[in-house]
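What follows is the content of my_file-v1.txt, which has compact mmCIF, C-alpha atoms:
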# COMPACT_ATOMS: atom_id res chain seq x y z
CA MET A 1 178.70 133.23 80.01
CA ASN A 2 175.02 133.40 80.89
CA THR A 3 173.72 136.16 83.14
CA ALA A 4 170.60 136.08 85.29
CA ASP A 5 168.72 137.93 82.55
CA ASP A 6 169.46 135.21 79.99
CA TRP A 7 167.61 132.46 81.83
CA ILE A 8 163.97 131.53 81.31
CA THR A 9 162.38 129.52 84.13
CA THR A 10 159.77 126.95 83.16
CA PRO A 11 157.59 125.22 85.78
CA VAL A 12 158.18 121.47 85.99
CA THR A 13 154.84 119.92 85.14
CA ALA A 14 153.72 116.40 84.34
CA ASP A 15 153.75 117.04 80.59
CA LEU A 16 157.54 117.56 80.76
CA LEU A 17 158.13 114.19 82.43
CA ARG A 18 158.16 110.67 81.04
CA GLY A 19 158.42 107.50 83.09
CA ALA A 20 156.60 108.88 86.17
CA LEU A 21 153.07 107.92 87.18
CA ASP A 22 152.49 110.83 89.57
CA LEU A 23 153.96 114.19 90.52
CA GLU A 24 153.79 115.32 94.15
CA HIS A 25 153.99 119.05 94.93
CA THR A 26 156.11 119.71 98.04
CA GLU A 27 157.38 122.78 99.86
CA ARG A 28 160.59 122.53 97.87
CA GLY A 29 159.79 121.49 94.35
CA VAL A 30 157.95 118.57 92.81
CA LEU A 31 158.75 114.93 93.49
CA PRO A 32 158.23 112.37 90.70
CA HIS A 33 156.70 109.09 91.83
CA ARG A 34 156.66 105.74 90.05
CA LEU A 35 153.54 104.56 91.87
CA PRO A 36 150.27 106.53 91.95
CA ALA A 37 148.99 108.12 95.15
CA ARG A 38 146.39 105.40 95.67
CA ALA A 39 149.09 102.73 95.66
CA ARG A 40 151.41 104.76 97.89
CA ARG A 41 148.74 104.94 100.58
CA GLN A 42 148.83 101.15 100.76
CA ILE A 43 152.61 100.68 100.94
CA PRO A 44 153.37 98.79 104.16
CA ASP A 45 157.11 99.52 104.50
CA GLY A 46 159.67 102.27 104.15
CA GLN A 47 161.83 100.32 101.72
CA LEU A 48 159.25 100.35 98.93
CA ALA A 49 158.25 103.94 99.72
CA MET A 50 161.87 104.96 99.24
CA ALA A 51 162.34 102.84 96.10
CA GLU A 52 159.28 104.10 94.22
CA SER A 53 160.32 107.72 94.84
CA GLN A 54 163.71 107.09 93.24
CA PRO A 55 163.17 108.09 89.60
CA SER A 56 164.63 105.15 87.72
CA GLY A 57 163.75 105.67 84.06
CA VAL A 58 162.18 109.08 84.72
CA ARG A 59 163.33 111.89 82.45
CA LEU A 60 162.51 115.49 81.62
CA VAL A 61 161.75 115.76 77.90
CA PHE A 62 161.31 118.99 75.95
CA ARG A 63 162.21 120.85 72.77
CA THR A 64 164.31 124.01 72.76
CA ARG A 65 166.87 126.10 70.88
CA ALA A 66 168.73 126.66 74.16
CA THR A 67 172.45 125.96 74.40
CA ALA A 68 172.45 125.72 78.22
CA VAL A 69 170.12 124.32 80.86
CA GLU A 70 170.10 124.39 84.66
CA LEU A 71 168.10 122.19 87.00
CA ASP A 72 167.75 123.07 90.69
CA VAL A 73 167.17 119.95 92.78
CA VAL A 74 166.98 118.61 96.30
CA ALA A 75 168.57 115.17 96.21
CA THR A 76 168.17 112.63 99.00
CA LYS A 77 171.49 111.09 99.98
CA ARG A 78 171.43 107.79 101.87
CA ILE A 79 174.05 106.99 104.50
CA TYR A 80 174.51 103.48 105.90
CA PRO A 81 176.89 103.50 108.90
CA GLY A 82 179.66 100.96 108.46
CA VAL A 83 179.02 100.64 104.72
CA PRO A 84 181.15 102.36 102.05
CA PRO A 85 179.64 105.70 100.94
CA ARG A 86 177.22 105.55 98.04
CA PRO A 87 178.21 107.37 94.86
CA ASP A 88 176.31 110.54 94.03
CA GLY A 89 173.35 110.11 91.71
CA VAL A 90 173.98 110.91 88.05
CA TYR A 91 171.96 113.20 85.78
CA GLU A 92 172.39 112.51 82.07
CA LEU A 93 171.72 114.92 79.21
CA LEU A 94 170.66 113.55 75.83
CA VAL A 95 170.24 115.81 72.80
CA GLY A 96 168.61 114.26 69.76
CA GLY A 97 168.94 110.88 71.47
CA ARG A 98 172.70 111.28 71.93
CA LEU A 99 174.37 111.38 75.34
CA VAL A 100 176.21 114.71 75.55
CA GLY A 101 176.67 115.36 79.26
CA ARG A 102 176.56 114.08 82.82
CA GLY A 103 176.36 115.83 86.17
CA SER A 104 175.79 115.26 89.89
CA VAL A 105 175.11 117.17 93.08
CA THR A 106 177.11 116.42 96.19
CA ASP A 107 174.71 117.62 98.88
CA GLY A 108 171.02 117.53 99.72
CA ASP A 109 168.75 115.94 102.28
CA THR A 110 170.42 113.01 104.02
CA VAL A 111 168.81 109.89 105.42
CA THR A 112 171.01 107.90 107.81
CA VAL A 113 169.79 104.31 107.90
CA ASP A 114 170.80 102.00 110.74
CA MET A 115 170.08 98.58 109.25
CA ALA A 116 170.78 96.76 112.51
CA ALA A 117 168.37 98.92 114.54
CA GLY A 118 165.86 99.38 111.72
CA THR A 119 165.84 103.16 112.17
CA ALA A 120 166.30 106.12 109.82
CA GLU A 121 167.15 109.75 110.65
CA THR A 122 166.57 112.53 108.10
CA ARG A 123 168.50 115.82 107.92
CA PRO A 124 167.32 118.58 105.55
CA GLY A 125 169.90 119.81 103.08
CA PRO A 126 170.33 122.55 100.48
CA VAL A 127 169.02 123.06 96.97
CA GLU A 128 171.81 122.40 94.47
CA THR A 129 172.13 123.03 90.74
CA VAL A 130 172.97 120.68 87.89
CA ARG A 131 174.23 122.72 84.94
CA PHE A 132 174.72 121.64 81.33
CA THR A 133 176.27 123.88 78.70
CA THR A 134 176.62 121.16 76.07
CA LEU A 135 173.37 121.68 74.18
CA THR A 136 175.50 123.09 71.38
CA ASN A 137 174.05 123.64 67.92
CA ALA A 138 177.49 123.42 66.35
CA ALA A 139 177.83 119.65 66.05
CA GLY A 140 175.35 117.43 64.33
CA ASP A 141 172.99 120.16 63.09
CA ALA A 142 173.00 118.99 59.49
CA GLU A 143 172.32 115.42 60.57
CA ARG A 144 169.52 116.47 62.93
CA LYS A 145 167.90 118.61 60.23
CA ALA A 146 168.12 115.74 57.76
CA GLU A 147 166.43 113.45 60.28
CA GLY A 148 163.70 116.02 60.90
CA ASN A 149 164.80 116.33 64.52
CA GLY A 150 165.71 120.01 64.34
CA LYS A 151 164.10 123.12 62.90
CA GLU A 152 166.25 126.13 62.11
CA ASP A 153 165.14 129.67 62.97
CA GLU A 154 166.16 132.93 61.33
CA GLU A 155 169.30 133.14 63.49
CA GLY A 156 170.50 129.66 62.60
CA ALA A 157 169.67 128.06 65.98
CA VAL A 158 168.20 124.58 65.79
CA GLU A 159 165.32 123.37 67.93
CA GLN A 160 166.43 120.11 69.50
CA ASP A 161 164.88 117.26 71.44
CA VAL A 162 166.37 117.32 74.94
CA GLU A 163 166.14 114.69 77.69
CA ILE A 164 167.48 114.91 81.23
CA TRP A 165 167.48 111.47 82.83
CA LEU A 166 167.19 111.72 86.60
CA PRO A 167 169.30 109.59 88.97
CA HIS A 168 167.92 106.06 89.05
CA ASP A 169 168.76 105.49 92.72
CA GLU A 170 168.42 108.90 94.38
CA SER A 171 165.07 110.52 95.25
CA THR A 172 165.08 113.92 93.59
CA ARG A 173 162.80 116.91 94.09
CA LEU A 174 162.78 119.21 91.07
CA VAL A 175 162.82 122.83 92.22
CA ALA A 176 163.42 124.85 89.03
CA LEU A 177 164.19 124.30 85.35
CA ARG A 178 166.00 127.08 83.49
CA THR A 179 167.12 127.41 79.88
CA ASN A 180 168.71 130.26 77.93
CA ALA A 181 165.97 130.05 75.30
CA PRO A 182 162.28 129.15 75.49
CA LEU A 183 161.31 125.50 75.66
CA ARG A 184 158.13 123.67 74.74
CA THR A 185 156.63 120.29 75.46
CA ALA A 186 157.98 117.62 73.14
CA PRO A 187 155.33 115.95 70.98
CA PRO A 188 154.70 112.20 71.46
CA SER A 189 157.63 110.20 70.12
CA GLY A 190 155.41 107.71 68.30
CA ARG A 191 157.38 104.86 69.87
CA LYS A 192 155.65 101.99 71.61
CA VAL A 193 155.45 102.21 75.41
CA TRP A 194 157.13 99.39 77.32
CA LEU A 195 155.94 99.01 80.92
CA HIS A 196 158.26 96.89 83.06
CA HIS A 197 158.08 95.74 86.69
CA GLY A 198 160.83 94.03 88.60
CA SER A 199 163.16 94.09 91.61
CA SER A 200 166.30 96.04 92.50
CA ILE A 201 168.10 94.72 89.42
CA SER A 202 165.37 96.20 87.21
CA HIS A 203 165.49 99.33 89.38
CA GLY A 204 169.18 99.58 88.47
CA SER A 205 171.06 98.58 91.61
CA ASN A 206 174.84 98.83 90.98
CA ALA A 207 174.33 100.39 87.53
CA ALA A 208 176.56 103.45 87.15
CA THR A 209 174.12 105.75 85.32
CA PRO A 210 170.36 106.06 84.68
CA THR A 211 170.70 105.16 80.98
CA GLY A 212 172.94 102.26 82.00
CA THR A 213 170.30 100.25 83.89
CA TRP A 214 169.43 97.14 81.94
CA PRO A 215 165.83 98.25 81.20
CA ALA A 216 167.12 101.59 79.85
CA VAL A 217 169.69 99.79 77.70
CA ALA A 218 167.03 97.41 76.36
CA ALA A 219 164.56 100.25 75.70
CA ALA A 220 167.13 102.22 73.72
CA LEU A 221 168.02 99.19 71.61
CA GLY A 222 164.34 98.27 71.17
CA GLY A 223 163.31 101.78 70.18
CA VAL A 224 160.59 102.03 72.82
CA GLU A 225 159.52 104.45 75.55
CA LEU A 226 160.34 102.99 78.98
CA VAL A 227 158.15 103.14 82.07
CA ASN A 228 160.24 101.39 84.70
CA LEU A 229 158.41 100.05 87.76
CA GLY A 230 161.43 98.18 89.05
CA PHE A 231 161.58 98.67 92.83
CA GLY A 232 164.54 97.72 94.99
CA GLY A 233 163.25 95.13 97.45
CA GLY A 234 159.69 95.73 96.25
CA ALA A 235 158.81 93.13 93.60
CA LEU A 236 156.59 91.21 96.00
CA LEU A 237 153.40 90.58 93.98
CA ASP A 238 151.65 93.40 95.83
CA PRO A 239 148.07 93.91 94.58
CA PHE A 240 148.51 97.71 94.49
CA THR A 241 151.46 97.28 92.12
CA ALA A 242 149.38 95.02 89.90
CA ARG A 243 146.67 97.70 89.80
CA ALA A 244 149.27 100.33 88.85
CA LEU A 245 150.33 98.13 85.93
CA ARG A 246 146.69 97.56 85.03
CA ASP A 247 145.93 101.28 84.92
CA THR A 248 149.06 102.49 83.10
CA PRO A 249 148.79 102.86 79.31
CA ALA A 250 151.24 100.50 77.56
CA ASP A 251 151.85 98.63 74.33
CA LEU A 252 154.20 96.04 75.84
CA ILE A 253 154.40 94.77 79.43
CA SER A 254 156.92 92.62 81.27
CA VAL A 255 157.04 91.45 84.87
CA LYS A 256 160.17 89.96 86.39
CA ILE A 257 159.27 87.83 89.40
CA GLY A 258 161.26 85.93 91.98
CA ILE A 259 164.34 87.21 93.74
CA ASN A 260 162.60 89.51 96.24
CA LEU A 261 160.17 86.78 97.24
CA VAL A 262 163.14 84.59 98.13
CA ASN A 263 165.37 87.12 99.83
CA ALA A 264 162.44 88.49 101.85
CA ASP A 265 161.28 84.93 102.65
CA LEU A 266 157.82 86.33 102.05
CA MET A 267 155.70 83.30 101.17
CA ARG A 268 155.65 79.58 100.57
CA LEU A 269 155.01 77.66 97.38
CA ARG A 270 151.33 77.16 98.29
CA ALA A 271 150.77 80.93 98.29
CA PHE A 272 153.13 81.73 95.41
CA GLY A 273 151.15 80.14 92.57
CA PRO A 274 147.81 81.78 93.39
CA ALA A 275 149.57 85.10 94.02
CA VAL A 276 151.15 85.00 90.54
CA HIS A 277 147.78 84.12 88.98
CA GLY A 278 146.10 86.97 90.85
CA PHE A 279 148.79 89.45 89.84
CA LEU A 280 148.50 88.49 86.17
CA ASP A 281 144.70 88.49 86.35
CA THR A 282 144.76 92.09 87.59
CA VAL A 283 147.17 93.22 84.85
CA ARG A 284 144.96 91.54 82.26
CA GLU A 285 141.91 93.49 83.48
CA GLY A 286 143.44 96.61 81.96
CA HIS A 287 145.46 95.03 79.16
CA PRO A 288 143.54 91.96 77.97
CA THR A 289 145.50 91.43 74.74
CA THR A 290 148.73 93.41 75.25
CA PRO A 291 151.90 91.31 74.82
CA LEU A 292 152.81 90.32 78.39
CA LEU A 293 156.16 88.72 79.16
CA VAL A 294 156.84 86.93 82.46
CA VAL A 295 160.57 86.83 83.24
CA SER A 296 161.97 84.40 85.81
CA PRO A 297 164.99 85.16 88.04
CA LEU A 298 168.54 85.70 86.88
CA TYR A 299 171.24 83.41 88.19
CA CYS A 300 172.17 84.16 91.81
CA PRO A 301 174.29 81.45 93.49
CA ILE A 302 173.37 82.25 97.07
CA HIS A 303 169.68 81.59 96.41
CA GLU A 304 169.63 79.01 93.63
CA ASP A 305 168.93 76.20 96.06
CA THR A 306 169.00 77.99 99.42
CA PRO A 307 165.88 79.79 100.69
CA GLY A 308 165.89 83.23 102.24
CA PRO A 309 165.93 85.46 103.95
CA SER A 310 168.99 87.30 102.72
CA ALA A 311 171.14 89.17 105.18
CA MET A 312 173.99 91.61 104.93
CA ASP A 313 177.37 90.05 105.64
CA LEU A 314 178.38 92.10 108.66
CA GLY A 315 182.04 91.28 108.10
CA ALA A 316 182.11 92.65 104.56
CA PRO A 317 181.78 96.41 105.25
CA GLY A 318 185.02 96.30 107.22
CA GLU A 319 186.61 94.95 104.05
CA GLY A 320 185.39 98.00 102.15
CA ARG A 321 182.52 96.30 100.33
CA LEU A 322 178.96 95.14 100.87
CA ARG A 323 177.96 91.49 100.49
CA PHE A 324 174.80 89.49 101.03
CA VAL A 325 174.34 85.94 102.25
CA ALA A 326 171.43 83.49 102.27
CA THR A 327 170.41 82.41 105.76
CA GLY A 328 167.76 79.77 104.97
CA ASP A 329 168.05 75.99 105.17
CA PRO A 330 167.99 74.14 101.81
CA ALA A 331 166.20 71.23 103.50
CA GLN A 332 163.19 73.49 104.07
CA THR A 333 162.34 73.58 100.35
CA ALA A 334 160.55 70.30 100.98
CA ALA A 335 158.20 72.23 103.26
CA GLY A 336 157.49 74.83 100.59
CA LYS A 337 160.17 77.47 101.12
CA LEU A 338 161.06 79.21 97.89
CA THR A 339 164.36 79.16 96.03
CA LEU A 340 165.15 80.57 92.60
CA THR A 341 165.13 77.07 91.12
CA VAL A 342 161.66 76.40 92.53
CA ILE A 343 160.35 79.75 91.29
CA ARG A 344 161.66 79.24 87.74
CA GLU A 345 159.93 75.87 87.51
CA GLU A 346 156.65 77.22 88.89
CA LEU A 347 156.62 80.31 86.65
CA ALA A 348 157.21 78.19 83.56
CA ARG A 349 154.32 75.93 84.61
CA ILE A 350 151.95 78.84 85.32
CA VAL A 351 152.68 80.65 82.06
CA GLY A 352 152.35 77.43 80.09
CA LEU A 353 148.97 76.76 81.69
CA ARG A 354 147.65 80.30 81.08
CA ALA A 355 149.06 80.59 77.56
CA ALA A 356 146.62 77.92 76.39
CA THR A 357 143.89 80.59 76.57
CA ASP A 358 146.10 83.71 76.45
CA PRO A 359 148.17 83.67 73.24
CA ASN A 360 149.75 87.03 74.07
CA LEU A 361 151.28 85.75 77.32
CA HIS A 362 154.94 84.70 77.09
CA HIS A 363 157.73 83.37 79.30
CA LEU A 364 161.45 84.19 79.35
CA ASP A 365 163.86 82.14 81.44
CA GLY A 366 166.02 84.60 83.38
CA LEU A 367 169.02 82.31 82.93
CA ALA A 368 169.00 83.31 79.25
CA LEU A 369 169.71 86.87 80.40
CA TYR A 370 172.34 85.98 83.03
CA GLY A 371 173.28 82.39 83.77
CA GLU A 372 175.89 80.33 85.55
CA ARG A 373 178.47 80.74 82.80
CA ASP A 374 177.97 84.51 82.85
CA HIS A 375 178.51 84.53 86.60
CA ALA A 376 181.89 82.85 86.13
CA GLU A 377 182.96 85.73 83.86
CA LEU A 378 181.01 88.60 85.45
CA PRO A 379 180.33 87.69 89.10
CA LEU A 380 177.84 89.66 91.19
CA PRO A 381 179.99 92.08 93.23
CA ASP A 382 177.81 91.86 96.35
CA ASP A 383 176.52 88.33 95.54
CA LEU A 384 173.07 89.76 94.73
CA HIS A 385 173.28 92.58 92.15
CA PRO A 386 175.07 92.90 88.79
CA ASP A 387 177.65 95.58 88.05
CA ALA A 388 177.46 98.18 85.28
CA ALA A 389 178.95 95.91 82.60
CA THR A 390 176.51 93.14 83.46
CA HIS A 391 173.55 95.54 83.32
CA ARG A 392 174.55 96.30 79.72
CA LEU A 393 174.88 92.59 78.93
CA ILE A 394 171.42 91.85 80.36
CA GLY A 395 169.89 94.80 78.51
CA GLU A 396 171.42 93.73 75.20
CA ARG A 397 170.18 90.18 75.63
CA PHE A 398 166.69 91.29 76.61
CA ALA A 399 166.55 93.53 73.55
CA ARG A 400 167.49 90.60 71.33
CA LEU A 401 165.24 88.01 72.99
CA ALA A 402 162.21 90.27 73.45
CA PHE A 403 162.38 93.07 70.88
CA SER A 404 164.36 91.61 67.99
CA ASP A 405 163.38 87.95 67.93
CA GLY A 406 160.67 87.61 70.56
CA PRO A 407 157.21 88.60 71.73
CA PHE A 408 157.94 92.34 71.64
CA THR A 409 159.06 92.43 68.03
CA THR A 410 158.01 95.87 66.82
CA VAL A 411 158.17 96.52 63.11
CA GLY A 412 158.99 100.21 62.88
CA GLY A 413 158.74 100.52 66.66
CA ARG A 414 155.69 102.78 66.48
CA GLY A 415 152.27 102.59 68.05
CA THR A 416 149.82 104.20 70.43
CA ALA A 417 149.79 103.08 74.05
CA THR A 418 146.66 101.21 74.95
CA SER A 419 144.51 102.12 77.93
CA ARG A 420 142.01 100.19 79.97
CA PRO A 421 138.96 99.22 77.92
Reformat the file's structure so that it appears as structure tokens.
Amino acid sequence: MNTADDWITTPVTADLLRGALDLEHTERGVLPHRLPARARRQIPDGQLAMAESQPSGVRLVFRTRATAVELDVVATKRIYPGVPPRPDGVYELLVGGRLVGRGSVTDGDTVTVDMAAGTAETRPGPVETVRFTTLTNAAGDAERKAEGNGKEDEEGAVEQDVEIWLPHDESTRLVALRTNAPLRTAPPSGRKVWLHHGSSISHGSNAATPTGTWPAVAAALGGVELVNLGFGGGALLDPFTARALRDTPADLISVKIGINLVNADLMRLRAFGPAVHGFLDTVREGHPTTPLLVVSPLYCPIHEDTPGPSAMDLGAPGEGRLRFVATGDPAQTAAGKLTLTVIREELARIVGLRAATDPNLHHLDGLALYGERDHAELPLPDDLHPDAATHRLIGERFARLAFSDGPFTTVGGRGTATSRP
């Protein structure tokens, strides 16, 4: 059992984090952000501000001979009156790329959101500790040494690559990082950097764990480093998001466009096309020749041919579950209201037009990732978001269609992320 004297505290700094674009210092720890400060100053709503502070795809990465690690955190728990309680966020421990442990904290700051009134009340909570004692050197040492992933010292302890994936759907301030042996910054992995932007599905809504979101599944299968800019409710072609993509070093970029524009009923067809062009133009300012994949919406029956906005089914919480419904009028598509069918057709047209002068621009029909037949076998539990099994299915398909046999094919999976010219 470790005593207080065994632990070494290491400040949490940006060089220990991957997948975050900024690190905010607060009175209680540091808060990873997935949008830079300049973009955050332009966010017009609380939904996106909350989503970008939830560290989907963000992980602590270091090397150590430690056999135990503790992480003090302040988690932000969301409460929606009348809706079933949300599960606690999950922290996942990977050693040498292998999942060896999971943990959660049950308390923290709480934000009570009244969706009907449009209000939110915050209550401060305690610092809690996630503890892992599974960084054992006993299993897999020979294999790690053979792979060059571990280096033995005079006492037989092996230095290992350690990752702690933070909860994908729970804002988390990192207060203290402790190990029972010194740690050091991990060197660059040498893997290509995949920068992805999308909606709540890309964020990981209804996924059970941070490595179980479909982008994390796809990144693991594709052998790439993930930077996930999937924002619940926030894939709205915002110029500040396009600039964040433009300014973030990456070898491979994908943008998944559509569902949020429909369920927010944000714009009409006349505005949609120019907005997509402008978004892609901005990304191309920083990445003129980087492989760029535009992904259209997955299958979602409520919005295939019915415009938004979406609304919560107020009868469903009493049944112990949350459901969404489309409230638009299908007849209004003639006047330019957007549906998923309309968006898929327009995205295919736009990418086809641009690809004539941009050979590194590609299109992927979202129905190839999750289509009508898939919905019959794996329906969306709340009629909007996939469950954990479906996240894995989507991630596996994306890996095959993009990384194995598509525009992101990476021989050896190694490269140096490109920056703005």
Record the distance separating atom CA of A:Arg65 and atom CA of A:His168, expressed in Å with one decimal.
27.1 Å
Need to verify the contact set: A:Val294, 12 Å, all atoms listed in the file, exclusion of same-chain residues closer than 6 positions in sequence. Can you return it as a PyMOL selection string?
chain A and resi 196-198+252-258+276-277+279-280+283+343-344+346-352+354-355+360-366+402+407
So that I have them on file, write out the residues from the current selection with C-alpha atoms, as a JSON list (two decimals), keeping the file's coordinate frame.
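What ended up in part26.json:
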[["chain", "number", "residue", "atom", "x", "y", "z"],
["A", 196, "HIS", "CA", 158.26, 96.89, 83.06],
["A", 197, "HIS", "CA", 158.08, 95.74, 86.69],
["A", 198, "GLY", "CA", 160.83, 94.03, 88.60],
["A", 252, "LEU", "CA", 154.20, 96.04, 75.84],
["A", 253, "ILE", "CA", 154.40, 94.77, 79.43],
["A", 254, "SER", "CA", 156.92, 92.62, 81.27],
["A", 255, "VAL", "CA", 157.04, 91.45, 84.87],
["A", 256, "LYS", "CA", 160.17, 89.96, 86.39],
["A", 257, "ILE", "CA", 159.27, 87.83, 89.40],
["A", 258, "GLY", "CA", 161.26, 85.93, 91.98],
["A", 276, "VAL", "CA", 151.15, 85.00, 90.54],
["A", 277, "HIS", "CA", 147.78, 84.12, 88.98],
["A", 279, "PHE", "CA", 148.79, 89.45, 89.84],
["A", 280, "LEU", "CA", 148.50, 88.49, 86.17],
["A", 283, "VAL", "CA", 147.17, 93.22, 84.85],
["A", 343, "ILE", "CA", 160.35, 79.75, 91.29],
["A", 344, "ARG", "CA", 161.66, 79.24, 87.74],
["A", 346, "GLU", "CA", 156.65, 77.22, 88.89],
["A", 347, "LEU", "CA", 156.62, 80.31, 86.65],
["A", 348, "ALA", "CA", 157.21, 78.19, 83.56],
["A", 349, "ARG", "CA", 154.32, 75.93, 84.61],
["A", 350, "ILE", "CA", 151.95, 78.84, 85.32],
["A", 351, "VAL", "CA", 152.68, 80.65, 82.06],
["A", 352, "GLY", "CA", 152.35, 77.43, 80.09],
["A", 354, "ARG", "CA", 147.65, 80.30, 81.08],
["A", 355, "ALA", "CA", 149.06, 80.59, 77.56],
["A", 360, "ASN", "CA", 149.75, 87.03, 74.07],
["A", 361, "LEU", "CA", 151.28, 85.75, 77.32],
["A", 362, "HIS", "CA", 154.94, 84.70, 77.09],
["A", 363, "HIS", "CA", 157.73, 83.37, 79.30],
["A", 364, "LEU", "CA", 161.45, 84.19, 79.35],
["A", 365, "ASP", "CA", 163.86, 82.14, 81.44],
["A", 366, "GLY", "CA", 166.02, 84.60, 83.38],
["A", 402, "ALA", "CA", 162.21, 90.27, 73.45],
["A", 407, "PRO", "CA", 157.21, 88.60, 71.73]]
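The environment of A:Gly234 within 8 Å, counting only C-alpha atoms and disregarding residues fewer than 4 places along the same chain, consists of Gln47, Leu48, Ala51, Gly198, Ser199, Ser200, Gly230 and Asn260 of chain A.
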Can you measure atom CA of A:Val69 to atom CA of A:Arg131 for me? One decimal in Å is fine.
6.0 Å
From A:Val111, A:Val224, A:Leu166, A:Ala176, residue lying nearest A:Ser189 [all atoms listed in the file]:
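Smallest distance to A:Ser189 is found for A:Val224.
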May I have the residues within 12 Å of A:Asp45 as a list in words, using all atoms listed in the file and disregarding those fewer than 3 positions away in the same chain?
Arg40, Arg41, Gln42, Leu48, Ala49, Met50, Ala51, Glu52, Gly118, Gly233, Gly234, Leu236 and Asp238 of chain A
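Across the model, the gap from atom CA of A:Glu128 to atom CA of A:Ala75 is 8.1 Å.
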Given the point (177.9, 95.0, 87.0) in the coordinates of this file, which residues lie within 10 Å, counting all atoms listed in the file, and how would they look as a ChimeraX atom specification?
/A:204-208,213,378-382,385-394
So, with all atoms listed in the file as the atoms that count, which of A:Asp22, A:Asp247, A:Asp374, A:Glu27 lies closest to A:Val127?
A:Glu27
Kindly compute an axis-aligned box around the listed atoms of stretch 349-368 of chain A, allowing 8 Å on each side, and express its centre and edge lengths in Å to one decimal as JSON.
{"center_x": 156.5, "center_y": 81.5, "center_z": 79.3, "size_x": 41.1, "size_y": 27.1, "size_z": 28.1}
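Closest approach to A:Ala68 among A:Leu183, A:Ile302, A:Ala120, A:Leu322: A:Leu183, based on only C-alpha atoms.
For the choices A:Thr122, A:Ala264, A:Ala181, A:Lys77, the atom-to-atom distance to A:Val105 is smallest for A:Lys77 when using all atoms listed in the file.
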Could you tell me which of A:Leu17, A:Ile164, A:Ala275, A:Val217 comes closest to A:Ala242 if we count only C-alpha atoms?
A:Ala275
If you count only C-alpha atoms, which residues fall within 6 Å of A:Glu304, apart from same-chain ones fewer than 5 positions away, as a ChimeraX atom specification?
/A:339-341
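Between A:Pro274 and the residues A:Leu237, A:Pro330, A:Pro249, A:Thr110, the shortest atom-to-atom distance, using all atoms listed in the file, involves A:Leu237.
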Contacts of stretch 160-162 of chain A within 7 Å, all atoms listed in the file, excl. fewer than 5 positions in-chain, as a list of chain:residue names
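Contacts, in chain order: A:Val61, A:Phe62, A:Arg63, A:Thr64, A:Arg65, A:Leu94, A:Val95, A:Gly96, A:Asn149, A:Gly150.
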Sel. within 9 Å of pt (162.8, 111.2, 85.7), counting all atoms listed in the file, output as a list of chain:residue names:
A:Leu17, A:Arg18, A:Gly19, A:Ala20, A:Pro32, A:His33, A:Gln54, A:Pro55, A:Ser56, A:Gly57, A:Val58, A:Arg59, A:Leu60, A:Ile164, A:Trp165, A:Leu166, A:Pro167, A:His168, A:Thr172
Emit the selected residues as a tab-separated table (two decimals), keeping the file's coordinate frame, including C-alpha atoms.
chain	number	residue	atom	x	y	z
A	17	LEU	CA	158.13	114.19	82.43
A	18	ARG	CA	158.16	110.67	81.04
A	19	GLY	CA	158.42	107.50	83.09
A	20	ALA	CA	156.60	108.88	86.17
A	32	PRO	CA	158.23	112.37	90.70
A	33	HIS	CA	156.70	109.09	91.83
A	54	GLN	CA	163.71	107.09	93.24
A	55	PRO	CA	163.17	108.09	89.60
A	56	SER	CA	164.63	105.15	87.72
A	57	GLY	CA	163.75	105.67	84.06
A	58	VAL	CA	162.18	109.08	84.72
A	59	ARG	CA	163.33	111.89	82.45
A	60	LEU	CA	162.51	115.49	81.62
A	164	ILE	CA	167.48	114.91	81.23
A	165	TRP	CA	167.48	111.47	82.83
A	166	LEU	CA	167.19	111.72	86.60
A	167	PRO	CA	169.30	109.59	88.97
A	168	HIS	CA	167.92	106.06	89.05
A	172	THR	CA	165.08	113.92	93.59
